[in-house]
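A.B. asks: For reference, the file structure.pdb (PDB, C-alpha atoms and all ligand atoms) is included below:
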ATOM      1  CA  MET A  71      27.221 -19.932  11.006  1.00  0.00           C
ATOM      2  CA  GLN A  72      28.599 -16.567  12.098  1.00  0.00           C
ATOM      3  CA  LEU A  73      32.210 -17.729  12.540  1.00  0.00           C
ATOM      4  CA  LEU A  74      32.274 -18.917   8.916  1.00  0.00           C
ATOM      5  CA  LYS A  75      30.655 -15.747   7.597  1.00  0.00           C
ATOM      6  CA  ASP A  76      33.240 -13.646   9.470  1.00  0.00           C
ATOM      7  CA  LYS A  77      36.051 -15.776   8.030  1.00  0.00           C
ATOM      8  CA  ILE A  78      34.680 -15.325   4.502  1.00  0.00           C
ATOM      9  CA  LEU A  79      34.401 -11.561   4.985  1.00  0.00           C
ATOM     10  CA  LYS A  80      37.939 -11.379   6.383  1.00  0.00           C
ATOM     11  CA  GLU A  81      39.799 -13.738   4.050  1.00  0.00           C
ATOM     12  CA  GLY A  82      37.591 -14.299   0.996  1.00  0.00           C
ATOM     13  CA  ARG A  83      38.345 -12.534  -2.270  1.00  0.00           C
ATOM     14  CA  VAL A  84      35.626 -11.825  -4.781  1.00  0.00           C
ATOM     15  CA  LEU A  85      37.104 -12.708  -8.169  1.00  0.00           C
ATOM     16  CA  SER A  86      33.992 -11.859 -10.180  1.00  0.00           C
ATOM     17  CA  ASP A  87      30.228 -11.518  -9.727  1.00  0.00           C
ATOM     18  CA  THR A  88      30.039 -15.326  -9.516  1.00  0.00           C
ATOM     19  CA  VAL A  89      33.318 -16.586  -8.038  1.00  0.00           C
ATOM     20  CA  LEU A  90      34.585 -16.338  -4.463  1.00  0.00           C
ATOM     21  CA  LYS A  91      38.155 -17.332  -3.630  1.00  0.00           C
ATOM     22  CA  VAL A  92      38.612 -18.926  -0.203  1.00  0.00           C
ATOM     23  CA  ASP A  93      41.992 -20.556  -0.735  1.00  0.00           C
ATOM     24  CA  SER A  94      43.301 -19.530   2.685  1.00  0.00           C
ATOM     25  CA  PHE A  95      41.083 -21.953   4.645  1.00  0.00           C
ATOM     26  CA  LEU A  96      39.021 -24.217   2.360  1.00  0.00           C
ATOM     27  CA  ASN A  97      40.259 -24.769  -1.199  1.00  0.00           C
ATOM     28  CA  HIS A  98      44.055 -24.799  -0.932  1.00  0.00           C
ATOM     29  CA  GLN A  99      45.372 -24.115   2.553  1.00  0.00           C
ATOM     30  CA  ILE A 100      43.142 -25.758   5.175  1.00  0.00           C
ATOM     31  CA  ASP A 101      42.429 -24.077   8.508  1.00  0.00           C
ATOM     32  CA  PRO A 102      41.825 -27.082  10.787  1.00  0.00           C
ATOM     33  CA  LEU A 103      40.342 -24.997  13.597  1.00  0.00           C
ATOM     34  CA  ILE A 104      37.496 -23.549  11.562  1.00  0.00           C
ATOM     35  CA  MET A 105      37.158 -26.886   9.766  1.00  0.00           C
ATOM     36  CA  LYS A 106      36.567 -28.554  13.155  1.00  0.00           C
ATOM     37  CA  GLU A 107      33.871 -25.968  13.949  1.00  0.00           C
ATOM     38  CA  ILE A 108      32.314 -26.682  10.549  1.00  0.00           C
ATOM     39  CA  GLY A 109      32.265 -30.420  11.284  1.00  0.00           C
ATOM     40  CA  ASP A 110      30.608 -29.773  14.668  1.00  0.00           C
ATOM     41  CA  GLU A 111      28.012 -27.480  13.084  1.00  0.00           C
ATOM     42  CA  PHE A 112      27.067 -30.139  10.509  1.00  0.00           C
ATOM     43  CA  ALA A 113      26.749 -32.664  13.362  1.00  0.00           C
ATOM     44  CA  ASN A 114      24.388 -30.266  15.193  1.00  0.00           C
ATOM     45  CA  ARG A 115      22.271 -29.596  12.121  1.00  0.00           C
ATOM     46  CA  PHE A 116      21.758 -33.334  11.502  1.00  0.00           C
ATOM     47  CA  THR A 117      21.645 -34.431  15.140  1.00  0.00           C
ATOM     48  CA  ASP A 118      18.158 -35.899  14.580  1.00  0.00           C
ATOM     49  CA  GLU A 119      19.520 -38.419  12.044  1.00  0.00           C
ATOM     50  CA  VAL A 120      21.562 -41.600  12.272  1.00  0.00           C
ATOM     51  CA  ILE A 121      24.407 -41.275   9.768  1.00  0.00           C
ATOM     52  CA  THR A 122      26.318 -44.415   8.828  1.00  0.00           C
ATOM     53  CA  LYS A 123      28.336 -42.903   5.979  1.00  0.00           C
ATOM     54  CA  ILE A 124      29.494 -39.474   4.867  1.00  0.00           C
ATOM     55  CA  LEU A 125      29.843 -39.115   1.104  1.00  0.00           C
ATOM     56  CA  THR A 126      31.841 -36.329  -0.534  1.00  0.00           C
ATOM     57  CA  ILE A 127      33.919 -35.609  -3.630  1.00  0.00           C
ATOM     58  CA  GLU A 128      37.617 -34.889  -3.977  1.00  0.00           C
ATOM     59  CA  SER A 129      39.321 -32.659  -3.247  1.00  0.00           C
ATOM     60  CA  SER A 130      37.863 -29.789  -1.224  1.00  0.00           C
ATOM     61  CA  GLY A 131      34.951 -31.756   0.244  1.00  0.00           C
ATOM     62  CA  ILE A 132      37.320 -34.095   2.078  1.00  0.00           C
ATOM     63  CA  ALA A 133      38.404 -31.757   4.908  1.00  0.00           C
ATOM     64  CA  PRO A 134      34.939 -30.698   6.138  1.00  0.00           C
ATOM     65  CA  ALA A 135      33.587 -34.230   5.647  1.00  0.00           C
ATOM     66  CA  THR A 136      36.436 -35.720   7.679  1.00  0.00           C
ATOM     67  CA  MET A 137      35.920 -33.264  10.534  1.00  0.00           C
ATOM     68  CA  LEU A 138      32.246 -34.226  10.666  1.00  0.00           C
ATOM     69  CA  GLY A 139      33.275 -37.901  10.580  1.00  0.00           C
ATOM     70  CA  LEU A 140      35.572 -37.292  13.547  1.00  0.00           C
ATOM     71  CA  THR A 141      32.757 -35.636  15.509  1.00  0.00           C
ATOM     72  CA  ILE A 142      30.102 -38.295  14.882  1.00  0.00           C
ATOM     73  CA  GLY A 143      32.341 -41.338  14.444  1.00  0.00           C
ATOM     74  CA  ALA A 144      31.199 -42.192  10.903  1.00  0.00           C
ATOM     75  CA  PRO A 145      33.433 -43.147   7.961  1.00  0.00           C
ATOM     76  CA  VAL A 146      33.961 -40.776   5.045  1.00  0.00           C
ATOM     77  CA  VAL A 147      33.965 -41.927   1.408  1.00  0.00           C
ATOM     78  CA  PHE A 148      35.093 -39.529  -1.290  1.00  0.00           C
ATOM     79  CA  ALA A 149      34.175 -39.937  -4.933  1.00  0.00           C
ATOM     80  CA  ARG A 150      37.234 -39.925  -7.154  1.00  0.00           C
ATOM     81  CA  LYS A 151      37.405 -37.811 -10.277  1.00  0.00           C
ATOM     82  CA  ARG A 152      40.286 -39.726 -11.814  1.00  0.00           C
ATOM     83  CA  LYS A 153      40.792 -43.425 -12.028  1.00  0.00           C
ATOM     84  CA  SER A 154      43.497 -44.467  -9.606  1.00  0.00           C
ATOM     85  CA  LEU A 155      45.819 -47.433  -9.853  1.00  0.00           C
ATOM     86  CA  THR A 156      43.888 -49.276  -7.169  1.00  0.00           C
ATOM     87  CA  LEU A 157      40.347 -48.160  -8.032  1.00  0.00           C
ATOM     88  CA  SER A 158      39.089 -50.602 -10.635  1.00  0.00           C
ATOM     89  CA  GLY A 159      36.080 -52.822 -11.282  1.00  0.00           C
ATOM     90  CA  ASN A 160      33.059 -52.881  -9.009  1.00  0.00           C
ATOM     91  CA  LEU A 161      32.347 -49.154  -9.183  1.00  0.00           C
ATOM     92  CA  TYR A 162      29.366 -46.862  -8.994  1.00  0.00           C
ATOM     93  CA  SER A 163      29.951 -44.053 -11.517  1.00  0.00           C
ATOM     94  CA  ALA A 164      28.206 -40.825 -12.501  1.00  0.00           C
ATOM     95  CA  GLU A 165      28.907 -37.902 -14.820  1.00  0.00           C
ATOM     96  CA  VAL A 166      29.450 -34.468 -13.311  1.00  0.00           C
ATOM     97  CA  HIS A 167      29.483 -31.444 -15.560  1.00  0.00           C
ATOM     98  CA  SER A 168      31.257 -28.345 -14.272  1.00  0.00           C
ATOM     99  CA  PHE A 169      29.816 -25.150 -15.749  1.00  0.00           C
ATOM    100  CA  THR A 170      32.667 -23.219 -14.128  1.00  0.00           C
ATOM    101  CA  LYS A 171      35.348 -25.269 -15.845  1.00  0.00           C
ATOM    102  CA  ASN A 172      33.268 -26.323 -18.858  1.00  0.00           C
ATOM    103  CA  GLU A 173      34.288 -29.949 -18.509  1.00  0.00           C
ATOM    104  CA  THR A 174      32.619 -33.226 -17.640  1.00  0.00           C
ATOM    105  CA  ASN A 175      34.209 -35.667 -15.214  1.00  0.00           C
ATOM    106  CA  GLU A 176      33.238 -39.212 -14.453  1.00  0.00           C
ATOM    107  CA  ILE A 177      33.205 -39.685 -10.683  1.00  0.00           C
ATOM    108  CA  SER A 178      33.475 -43.111  -9.095  1.00  0.00           C
ATOM    109  CA  VAL A 179      33.015 -44.830  -5.735  1.00  0.00           C
ATOM    110  CA  SER A 180      33.936 -48.424  -4.993  1.00  0.00           C
ATOM    111  CA  LYS A 181      30.982 -50.716  -4.294  1.00  0.00           C
ATOM    112  CA  ASP A 182      32.940 -51.890  -1.237  1.00  0.00           C
ATOM    113  CA  PHE A 183      32.195 -48.653   0.616  1.00  0.00           C
ATOM    114  CA  LEU A 184      28.535 -47.857  -0.052  1.00  0.00           C
ATOM    115  CA  SER A 185      25.554 -50.183   0.229  1.00  0.00           C
ATOM    116  CA  ALA A 186      21.791 -50.369   0.635  1.00  0.00           C
ATOM    117  CA  ASP A 187      22.314 -50.532   4.411  1.00  0.00           C
ATOM    118  CA  ASP A 188      23.765 -47.013   4.532  1.00  0.00           C
ATOM    119  CA  ASN A 189      22.179 -43.796   5.785  1.00  0.00           C
ATOM    120  CA  VAL A 190      24.186 -41.254   3.850  1.00  0.00           C
ATOM    121  CA  LEU A 191      24.922 -37.585   4.455  1.00  0.00           C
ATOM    122  CA  ILE A 192      26.467 -35.817   1.456  1.00  0.00           C
ATOM    123  CA  ILE A 193      28.994 -33.046   2.203  1.00  0.00           C
ATOM    124  CA  ASP A 194      30.636 -30.587  -0.194  1.00  0.00           C
ATOM    125  CA  ASP A 195      32.520 -27.301  -0.005  1.00  0.00           C
ATOM    126  CA  PHE A 196      30.549 -25.239  -2.548  1.00  0.00           C
ATOM    127  CA  LEU A 197      27.042 -25.492  -3.965  1.00  0.00           C
ATOM    128  CA  ALA A 198      26.684 -23.581  -7.229  1.00  0.00           C
ATOM    129  CA  ASN A 199      24.749 -25.300  -9.997  1.00  0.00           C
ATOM    130  CA  GLY A 200      24.376 -28.479  -7.980  1.00  0.00           C
ATOM    131  CA  GLU A 201      26.080 -30.761 -10.482  1.00  0.00           C
ATOM    132  CA  ALA A 202      28.462 -32.350  -7.985  1.00  0.00           C
ATOM    133  CA  VAL A 203      25.642 -33.031  -5.515  1.00  0.00           C
ATOM    134  CA  LYS A 204      23.506 -34.509  -8.316  1.00  0.00           C
ATOM    135  CA  GLY A 205      26.368 -36.865  -9.206  1.00  0.00           C
ATOM    136  CA  LEU A 206      26.718 -37.954  -5.569  1.00  0.00           C
ATOM    137  CA  LEU A 207      22.939 -38.477  -5.270  1.00  0.00           C
ATOM    138  CA  ASP A 208      23.099 -40.624  -8.416  1.00  0.00           C
ATOM    139  CA  ILE A 209      25.872 -42.756  -6.891  1.00  0.00           C
ATOM    140  CA  ALA A 210      23.980 -43.167  -3.605  1.00  0.00           C
ATOM    141  CA  GLU A 211      20.875 -44.202  -5.550  1.00  0.00           C
ATOM    142  CA  GLN A 212      22.854 -46.810  -7.503  1.00  0.00           C
ATOM    143  CA  ALA A 213      23.969 -48.244  -4.157  1.00  0.00           C
ATOM    144  CA  GLY A 214      20.357 -48.297  -2.918  1.00  0.00           C
ATOM    145  CA  ALA A 215      21.479 -46.161   0.042  1.00  0.00           C
ATOM    146  CA  ASN A 216      19.169 -43.789   1.908  1.00  0.00           C
ATOM    147  CA  VAL A 217      20.249 -40.144   1.585  1.00  0.00           C
ATOM    148  CA  ILE A 218      19.206 -38.122   4.611  1.00  0.00           C
ATOM    149  CA  GLY A 219      20.455 -34.798   3.309  1.00  0.00           C
ATOM    150  CA  VAL A 220      23.248 -32.583   2.058  1.00  0.00           C
ATOM    151  CA  GLY A 221      25.583 -30.359   4.079  1.00  0.00           C
ATOM    152  CA  ILE A 222      27.274 -27.495   2.232  1.00  0.00           C
ATOM    153  CA  VAL A 223      29.964 -25.173   3.586  1.00  0.00           C
ATOM    154  CA  ILE A 224      29.273 -22.264   1.186  1.00  0.00           C
ATOM    155  CA  GLU A 225      26.150 -22.079  -0.950  1.00  0.00           C
ATOM    156  CA  LYS A 226      25.969 -19.515  -3.730  1.00  0.00           C
ATOM    157  CA  GLY A 227      22.260 -18.930  -3.351  1.00  0.00           C
ATOM    158  CA  PHE A 228      22.140 -16.717  -6.427  1.00  0.00           C
ATOM    159  CA  GLN A 229      22.864 -19.792  -8.561  1.00  0.00           C
ATOM    160  CA  GLN A 230      20.318 -22.502  -9.321  1.00  0.00           C
ATOM    161  CA  GLY A 231      21.630 -25.626  -7.555  1.00  0.00           C
ATOM    162  CA  GLY A 232      20.125 -25.155  -4.092  1.00  0.00           C
ATOM    163  CA  MET A 233      16.696 -24.211  -5.416  1.00  0.00           C
ATOM    164  CA  LEU A 234      16.540 -27.125  -7.870  1.00  0.00           C
ATOM    165  CA  LEU A 235      17.606 -29.692  -5.285  1.00  0.00           C
ATOM    166  CA  ARG A 236      15.225 -28.363  -2.600  1.00  0.00           C
ATOM    167  CA  GLU A 237      12.384 -28.502  -5.147  1.00  0.00           C
ATOM    168  CA  GLN A 238      13.192 -32.196  -5.535  1.00  0.00           C
ATOM    169  CA  GLY A 239      12.733 -32.609  -1.777  1.00  0.00           C
ATOM    170  CA  VAL A 240      16.425 -32.860  -0.877  1.00  0.00           C
ATOM    171  CA  ARG A 241      17.213 -31.511   2.603  1.00  0.00           C
ATOM    172  CA  ILE A 242      20.090 -29.047   2.258  1.00  0.00           C
ATOM    173  CA  GLU A 243      21.853 -27.339   5.158  1.00  0.00           C
ATOM    174  CA  SER A 244      24.338 -24.690   4.089  1.00  0.00           C
ATOM    175  CA  LEU A 245      26.486 -22.992   6.724  1.00  0.00           C
ATOM    176  CA  ALA A 246      26.863 -19.762   4.760  1.00  0.00           C
ATOM    177  CA  ASN A 247      24.517 -18.789   1.951  1.00  0.00           C
ATOM    178  CA  ILE A 248      25.684 -16.019  -0.363  1.00  0.00           C
ATOM    179  CA  LYS A 249      23.076 -13.703  -1.807  1.00  0.00           C
ATOM    180  CA  SER A 250      25.379 -11.668  -4.023  1.00  0.00           C
ATOM    181  CA  LEU A 251      28.995 -11.100  -5.012  1.00  0.00           C
ATOM    182  CA  ALA A 252      28.204  -7.953  -7.000  1.00  0.00           C
ATOM    183  CA  ASN A 253      30.565  -4.963  -6.829  1.00  0.00           C
ATOM    184  CA  GLY A 254      33.265  -6.998  -5.147  1.00  0.00           C
ATOM    185  CA  GLN A 255      31.156  -7.354  -1.983  1.00  0.00           C
ATOM    186  CA  VAL A 256      30.006 -10.533  -0.257  1.00  0.00           C
ATOM    187  CA  GLU A 257      26.385 -10.316   0.850  1.00  0.00           C
ATOM    188  CA  PHE A 258      24.742 -13.177   2.746  1.00  0.00           C
ATOM    189  CA  PHE A 259      21.142 -14.292   3.044  1.00  0.00           C
ATOM    190  CA  ASP A 260      20.002 -14.026   6.682  1.00  0.00           C
TER     191      ASP A 260
HETATM  192  P1  LIG B   1      28.314 -27.388  -9.001  1.00  0.00           P
HETATM  193  O1  LIG B   1      28.916 -28.700  -8.637  1.00  0.00           O
HETATM  194  O2  LIG B   1      27.497 -26.812  -7.859  1.00  0.00           O
HETATM  195  O3  LIG B   1      27.535 -27.441 -10.280  1.00  0.00           O
HETATM  196  O4  LIG B   1      29.502 -26.366  -9.201  1.00  0.00           O
HETATM  197  P2  LIG B   1      30.395 -25.958 -10.457  1.00  0.00           P
HETATM  198  O5  LIG B   1      30.328 -27.005 -11.510  1.00  0.00           O
HETATM  199  O6  LIG B   1      30.034 -24.542 -10.799  1.00  0.00           O
HETATM  200  O7  LIG B   1      31.796 -26.000  -9.726  1.00  0.00           O
HETATM  201  C1  LIG B   1      32.889 -26.761 -10.121  1.00  0.00           C
HETATM  202  C2  LIG B   1      34.016 -26.592  -9.150  1.00  0.00           C
HETATM  203  O8  LIG B   1      34.168 -25.229  -8.794  1.00  0.00           O
HETATM  204  C3  LIG B   1      33.849 -27.319  -7.846  1.00  0.00           C
HETATM  205  O9  LIG B   1      35.120 -27.589  -7.314  1.00  0.00           O
HETATM  206  C4  LIG B   1      33.184 -26.253  -6.964  1.00  0.00           C
HETATM  207  O10 LIG B   1      33.352 -26.532  -5.605  1.00  0.00           O
HETATM  208  C5  LIG B   1      33.954 -25.050  -7.391  1.00  0.00           C
HETATM  209  N1  LIG B   1      33.296 -23.765  -7.221  1.00  0.00           N
HETATM  210  C6  LIG B   1      32.125 -23.354  -7.727  1.00  0.00           C
HETATM  211  N2  LIG B   1      31.915 -22.055  -7.434  1.00  0.00           N
HETATM  212  C7  LIG B   1      32.990 -21.661  -6.699  1.00  0.00           C
HETATM  213  C8  LIG B   1      33.362 -20.416  -6.118  1.00  0.00           C
HETATM  214  O11 LIG B   1      32.668 -19.381  -6.188  1.00  0.00           O
HETATM  215  N3  LIG B   1      34.545 -20.406  -5.464  1.00  0.00           N
HETATM  216  C9  LIG B   1      35.357 -21.498  -5.349  1.00  0.00           C
HETATM  217  N4  LIG B   1      36.485 -21.365  -4.670  1.00  0.00           N
HETATM  218  N5  LIG B   1      35.036 -22.672  -5.912  1.00  0.00           N
HETATM  219  C10 LIG B   1      33.867 -22.750  -6.573  1.00  0.00           C
HETATM  220  P3  LIG B   1      36.120 -28.658  -7.893  1.00  0.00           P
HETATM  221  O12 LIG B   1      36.478 -28.380  -9.301  1.00  0.00           O
HETATM  222  O13 LIG B   1      35.522 -29.994  -7.639  1.00  0.00           O
HETATM  223  O14 LIG B   1      37.406 -28.380  -7.058  1.00  0.00           O
HETATM  224  P4  LIG B   1      38.028 -29.061  -5.772  1.00  0.00           P
HETATM  225  O15 LIG B   1      36.923 -29.691  -4.962  1.00  0.00           O
HETATM  226  O16 LIG B   1      38.989 -30.073  -6.291  1.00  0.00           O
HETATM  227  O17 LIG B   1      38.668 -27.932  -5.031  1.00  0.00           O
END
Could I get this structure in the form of structure tokens?

C.D. replies:
Amino acid sequence: MQLLKDKILKEGRVLSDTVLKVDSFLNHQIDPLIMKEIGDEFANRFTDEVITKILTIESSGIAPATMLGLTIGAPVVFARKRKSLTLSGNLYSAEVHSFTKNETNEISVSKDFLSADDNVLIIDDFLANGEAVKGLLDIAEQAGANVIGVGIVIEKGFQQGGMLLREQGVRIESLANIKSLANGQVEFFD
């Protein structure tokens, strides 16, 4: 998606050989205009599928997932990383280990919002080692839902997640796929 690549080149900051900061439109401040384009692009990529539910994880997956939901008219469920006052009992849960933060979170989704009748599209902001997506796949499996694929805003293709998931037969569509962040430069796969 050229618009997204241009935005990354203009506003992204390479913090290290493995970390890209995109706080100005995706991870802190949200740019609704590009987020709407992102939602439309996901809708186009999965136009051949009937999606009954969009599944994501708080917090940065919520904006792109909601824009897709607006475009296709499907509800968005986000996995919670912390127990909330109202989220109790009747939960699907999975462990997600973050290599970046070196911590493991339990993520949860209420059984009220995901079932065996659902055709699920998973959305997330970044794909690095694939741990968050694996946790969401685990939750969808517990619900008996059918997962049609995964939509990612920015894949870091030099990390293992995308390759491992594709090897397992998971359909992944990433809108920008980064080949390298070496020498402070963002380089994309074609
Ligand atoms: P994984 O799920 O693919 O295994 O990713 P990893 O554990 O490495 O990432 C943990 C968190 O860091 C996730 O956000 C992920 O989106 C984010 N992340 C990974 N690589 C980058 C990067 O290069 N740049 C930025 N900006 N974020 C990255 P999170 O902790 O769930 O945060 P949030 O969704 O609440 O914002």

A.B. asks: Quick one: axis-aligned box around all listed atoms of ligand LIG 1 (chain B), 3 Å on every side, centre and edge lengths in Å to one decimal, written as AutoDock Vina command-line options.

C.D. replies:
--center_x 33.2 --center_y -24.7 --center_z -8.1 --size_x 17.5 --size_y 16.7 --size_z 12.8

A.B. asks: I need the output of the PyMOL selection byres (((not hetatm)) within 7 of (chain B and resi 1)) for this file as a list in words; which residues are they?

C.D. replies: Thr88, Val89, Leu90, Lys91, Val92, Asp93, Asn97, Ile127, Glu128, Ser129, Ser130, Gly131, His167, Ser168, Phe169, Thr170, Lys171, Asp195, Phe196, Leu197, Ala198, Asn199, Gly200, Glu201, Ala202, Val203 and Gly231 of chain A

A.B. asks: With a distance cut-off of 7 Å and all atoms listed in the file, select the neighbouring residues of A:Leu184, excluding the residue or stretch itself and same-chain residues fewer than 3 positions from it, and output the selection as a list in words.

C.D. replies: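 Near neighbours after the sequence-gap exclusion: Lys181, Asp188 and Ala213 of chain A.
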
A.B. asks: Interatomic distance between atom CA of A:Phe95 and atom CA of A:Ala133?

C.D. replies: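 Taking atom CA of A:Phe95 as the start and atom CA of A:Ala133 as the end point, the length is 10.2 Å.
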
A.B. asks: What does the distance from atom CA of A:Gly232 to atom CA of A:Gln72 come to in Å, to one decimal?

C.D. replies: 20.2 Å

A.B. asks: So how many Å separate atom CA of A:Ser180 and atom CA of A:Val120, to one decimal?

C.D. replies: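 Computing it gives 22.3 Å between the two atoms.
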
A.B. asks: Once the PyMOL selection byres (((chain A and resi 78) around 10) and not hetatm) is applied to the coordinates I shared, what remains selected? I want it as a PyMOL selection string.

C.D. replies: chain A and resi 72-77+79-84+90-92+94-95+224+246+256

A.B. asks: Name the closest residue to A:Ile218 among the candidates A:Glu257, A:Glu119, A:Glu243, A:Glu107; distances are taken between atoms, counting only C-alpha atoms.

C.D. replies: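 Residue with the minimum atom-to-atom distance to A:Ile218: A:Glu119.
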
A.B. asks: Restore N, CA and C atoms in stretch 230-249 of chain A and list the result as a PDB file, keeping the file's coordinate frame.

C.D. replies:
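The result, stored in part-v7.pdb:
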ATOM      1  N   GLN A 230      21.550 -21.699  -9.285  1.00  0.00           N
ATOM      2  CA  GLN A 230      20.318 -22.502  -9.321  1.00  0.00           C
ATOM      3  C   GLN A 230      20.328 -23.776  -8.462  1.00  0.00           C
ATOM      4  N   GLY A 231      21.526 -24.286  -8.131  1.00  0.00           N
ATOM      5  CA  GLY A 231      21.630 -25.626  -7.555  1.00  0.00           C
ATOM      6  C   GLY A 231      20.766 -25.863  -6.325  1.00  0.00           C
ATOM      7  N   GLY A 232      20.857 -24.970  -5.346  1.00  0.00           N
ATOM      8  CA  GLY A 232      20.125 -25.155  -4.092  1.00  0.00           C
ATOM      9  C   GLY A 232      18.626 -25.206  -4.316  1.00  0.00           C
ATOM     10  N   MET A 233      18.140 -24.273  -5.146  1.00  0.00           N
ATOM     11  CA  MET A 233      16.696 -24.211  -5.416  1.00  0.00           C
ATOM     12  C   MET A 233      16.208 -25.494  -6.106  1.00  0.00           C
ATOM     13  N   LEU A 234      16.950 -25.933  -7.120  1.00  0.00           N
ATOM     14  CA  LEU A 234      16.540 -27.125  -7.870  1.00  0.00           C
ATOM     15  C   LEU A 234      16.516 -28.367  -6.979  1.00  0.00           C
ATOM     16  N   LEU A 235      17.536 -28.503  -6.148  1.00  0.00           N
ATOM     17  CA  LEU A 235      17.606 -29.692  -5.285  1.00  0.00           C
ATOM     18  C   LEU A 235      16.521 -29.654  -4.213  1.00  0.00           C
ATOM     19  N   ARG A 236      16.279 -28.467  -3.625  1.00  0.00           N
ATOM     20  CA  ARG A 236      15.225 -28.363  -2.600  1.00  0.00           C
ATOM     21  C   ARG A 236      13.864 -28.653  -3.214  1.00  0.00           C
ATOM     22  N   GLU A 237      13.657 -28.211  -4.455  1.00  0.00           N
ATOM     23  CA  GLU A 237      12.384 -28.502  -5.147  1.00  0.00           C
ATOM     24  C   GLU A 237      12.173 -29.999  -5.312  1.00  0.00           C
ATOM     25  N   GLN A 238      13.293 -30.727  -5.416  1.00  0.00           N
ATOM     26  CA  GLN A 238      13.192 -32.196  -5.535  1.00  0.00           C
ATOM     27  C   GLN A 238      13.019 -32.864  -4.176  1.00  0.00           C
ATOM     28  N   GLY A 239      12.956 -32.060  -3.113  1.00  0.00           N
ATOM     29  CA  GLY A 239      12.733 -32.609  -1.777  1.00  0.00           C
ATOM     30  C   GLY A 239      14.000 -32.977  -1.032  1.00  0.00           C
ATOM     31  N   VAL A 240      15.157 -32.559  -1.554  1.00  0.00           N
ATOM     32  CA  VAL A 240      16.425 -32.860  -0.877  1.00  0.00           C
ATOM     33  C   VAL A 240      16.617 -31.872   0.275  1.00  0.00           C
ATOM     34  N   ARG A 241      16.929 -32.390   1.459  1.00  0.00           N
ATOM     35  CA  ARG A 241      17.213 -31.511   2.603  1.00  0.00           C
ATOM     36  C   ARG A 241      18.638 -30.980   2.479  1.00  0.00           C
ATOM     37  N   ILE A 242      18.766 -29.663   2.379  1.00  0.00           N
ATOM     38  CA  ILE A 242      20.090 -29.047   2.258  1.00  0.00           C
ATOM     39  C   ILE A 242      20.317 -28.103   3.422  1.00  0.00           C
ATOM     40  N   GLU A 243      21.441 -28.271   4.099  1.00  0.00           N
ATOM     41  CA  GLU A 243      21.853 -27.339   5.158  1.00  0.00           C
ATOM     42  C   GLU A 243      23.147 -26.680   4.709  1.00  0.00           C
ATOM     43  N   SER A 244      23.088 -25.378   4.445  1.00  0.00           N
ATOM     44  CA  SER A 244      24.338 -24.690   4.089  1.00  0.00           C
ATOM     45  C   SER A 244      24.727 -23.768   5.243  1.00  0.00           C
ATOM     46  N   LEU A 245      26.013 -23.725   5.540  1.00  0.00           N
ATOM     47  CA  LEU A 245      26.486 -22.992   6.724  1.00  0.00           C
ATOM     48  C   LEU A 245      26.658 -21.504   6.457  1.00  0.00           C
ATOM     49  N   ALA A 246      26.864 -21.169   5.180  1.00  0.00           N
ATOM     50  CA  ALA A 246      26.863 -19.762   4.760  1.00  0.00           C
ATOM     51  C   ALA A 246      26.203 -19.733   3.384  1.00  0.00           C
ATOM     52  N   ASN A 247      25.233 -18.850   3.235  1.00  0.00           N
ATOM     53  CA  ASN A 247      24.517 -18.789   1.951  1.00  0.00           C
ATOM     54  C   ASN A 247      24.677 -17.391   1.360  1.00  0.00           C
ATOM     55  N   ILE A 248      25.351 -17.317   0.230  1.00  0.00           N
ATOM     56  CA  ILE A 248      25.684 -16.019  -0.363  1.00  0.00           C
ATOM     57  C   ILE A 248      24.570 -15.534  -1.289  1.00  0.00           C
ATOM     58  N   LYS A 249      24.146 -14.319  -1.016  1.00  0.00           N
ATOM     59  CA  LYS A 249      23.076 -13.703  -1.807  1.00  0.00           C
ATOM     60  C   LYS A 249      23.637 -13.046  -3.062  1.00  0.00           C
TER      61      LYS A 249
END
